[in-house]
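To start, the structure under review is shown below, and the notes come after it.
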Amino acid sequence: MGSFFKGCEHPRSRWSKCPHPYRVRYRSAAGRQVEESGFATQDKAIARLTEVYNAKKAAPRGQAKAERIARYGVMRFEEYAGEWKAGQRDLGPASVVHLDSLLNIHLLPLLGSRRMNTFDHKVVESFLQTLERNGIGLAAQANAFDKLKAILLDANRLGLFDDNPVAGIKPPQYDPQRVVIPTPAQLAQIRTAGDDSFLLVADLMSGCGMRNGEAFAVNVNNIVADDIYRITEQVNRTTCQYERLKHRKPGEYRDVPLPAWVRQSIEWYADKHGTVDGYLLRHPGDLTRTFPHYHIANQWKRIKKAGETDIPDGMVVYGMRHFFASNCLTHGIPITDVAEWMGHKTIEITFKIYRHLMPGSISKAAKIINLDLTP
């Protein structure tokens with residue numbers, strides 16, 4: 001119905017004796033927050049809230065919808081997105097930075113001045129086509145579409161559109177052919193092309209399926225068995241702090257296979273460089289700080305520019321993580337296990353990226369089933 005309060009410093013228990021007036025806050029039929037002041041007593045404040053509630057209850061539902069459309073329909077996308085963003089209270093600092101980046105780089109330049117009531121499926125399709133023409137990467141396209149979809153669905157719930165503008169839109173998807181995976185021989189060259197930290201990160205990504213930031217947070221105390229490593233945190237690219245895993249709540253973890261050669265790399269690095277509270281990788285110039293993302297990225301650029309290492313065309317550092325998935329799937333490990341070890345949000349993500357690595361699974365199943373059922 002709304003709320004009443006006082007804007008002074010007195011605690012609630014003292015309001016009845018406090019001389020300051022009461023205030024009320026409620027949402028209008030159009031969904032806009034309204035605040036009124038000047039109520040001498042609590043009873044008068046409650047009476048005003050009751051009056052507003054009864055008026056909203058008595059008003060035809062069509063009238064409330066008409067008021068929402070009148071207010072939000074003519075609103076520019078930039079303003080609406082700002083109000084929507086203010087309601088995303090569950091976002092952490094890094095997620096807020098990521099959201100701002102998507103809005104400022106991709107969404108607002110193309111859609112910021114558009115009025116909300118002019119969105120339809122053609123506008124959304126045109127937006128995606130523009131991103132493609134501008135050479136925006138698939139991951140950035142998918143993230144931008146997800147945020148646009150969330151904003152437009154919020155507007156759709158207010159009744160701004162006759163038809164859902166994102167219904168039937170095919171979102172940007174990974175093209176399996178764009179996932180460049182090195183061969184074992186190429187990986188053997190790549191892992192030794194940089195410094196010791198580069199070798200360790202390469203082994204963790206290709207042998208345990210870690211993301212970049214997870215490899216940067218490697219800790220000897222997380223070796224929970226000879227063949228199991230427990231991934232508990234990552235170095236966040238934005239905050240440069242140890243934070244929870246992607247798609248996980250604080251305190252959650254995932255256990256992944258720890259090949260003997262990766263364990264040996266961890267032990268070798270720890271013996272040679274030491275650790276800080278168990279962490280192997282720290283800032284090269286300041287051991288009190290986390291390992292910087294740019295350290296590996298800069299080495300990767302130098303390695304590619306030197307041209308002395310056999311690197312497949314189009315491969316990025318993340319290709320070493322793709323190698324882990326490829327190695328697992330081509331050796332018959334179930335995709336459900338691989339999805340869990342990779343830390344994907346859903347198995348559909350794993351399937352979309354790596355389905356092409358299992359081309360013979362149906363034929364193989366048919367032959368196996370045929371063995372015991374042939375008359």
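Letters for chains follow the order of the structure tokens (A, B, ...), residue numbers begin at 1 for each chain, and ligand numbers begin at 1 in the order shown.
Counting only C-alpha atoms, Gln234 of chain A has the following residues at most 10 Å away, ignoring those fewer than 2 positions along the same chain: Met210, Arg211, Asn212, Gly213, Glu214, Ala215, Phe216, Ala217, Val218, Ile231, Thr232, Asn236, Arg237, Cys240, Gln241, Tyr242, Glu243, Arg244, Leu245 and Lys246 of chain A.
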field: helix (DSSP H, G or I) positions in segment 156-305 of chain A, given as an MDAnalysis selection string
entry: chainID A and resid 156:157 176:178 184:191 196:208 212:216 220:222 260:273 293:305
message: Show me, as an MDAnalysis selection string, the residues that have an atom within 12 Å of segment 81-91 of chain A when counting only C-alpha atoms, minus same-chain residues fewer than 4 positions from it.
response: chainID A and resid 31:33 72 75:77 95:100 102:104 107:108 111:116 147:155 249
message: Applying 12 Å and only C-alpha atoms, which residues near Gly274 of chain A remain after dropping the ones on its own chain fewer than 6 positions away? List them as a list in words.
response: Asn219, Val220, Ile266, Glu267, Trp268, Leu280, Leu281, Arg282 and Leu287 of chain A
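Note that the spacing between atom CA of Lys352 of chain A and atom CA of Asp255 of chain A amounts to 22.9 Å.
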query: Given the choices A:Gly38, A:Gly194, A:Gly2, A:Pro284, which gets closest to Arg25 of chain A if the distance is worked out from only C-alpha atoms?
result: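 Selected residue with least distance to Arg25 of chain A: A:Gly2.
We find atom CA of Asp313 of chain A and atom CA of Ile296 of chain A to be spaced 18.8 Å apart.
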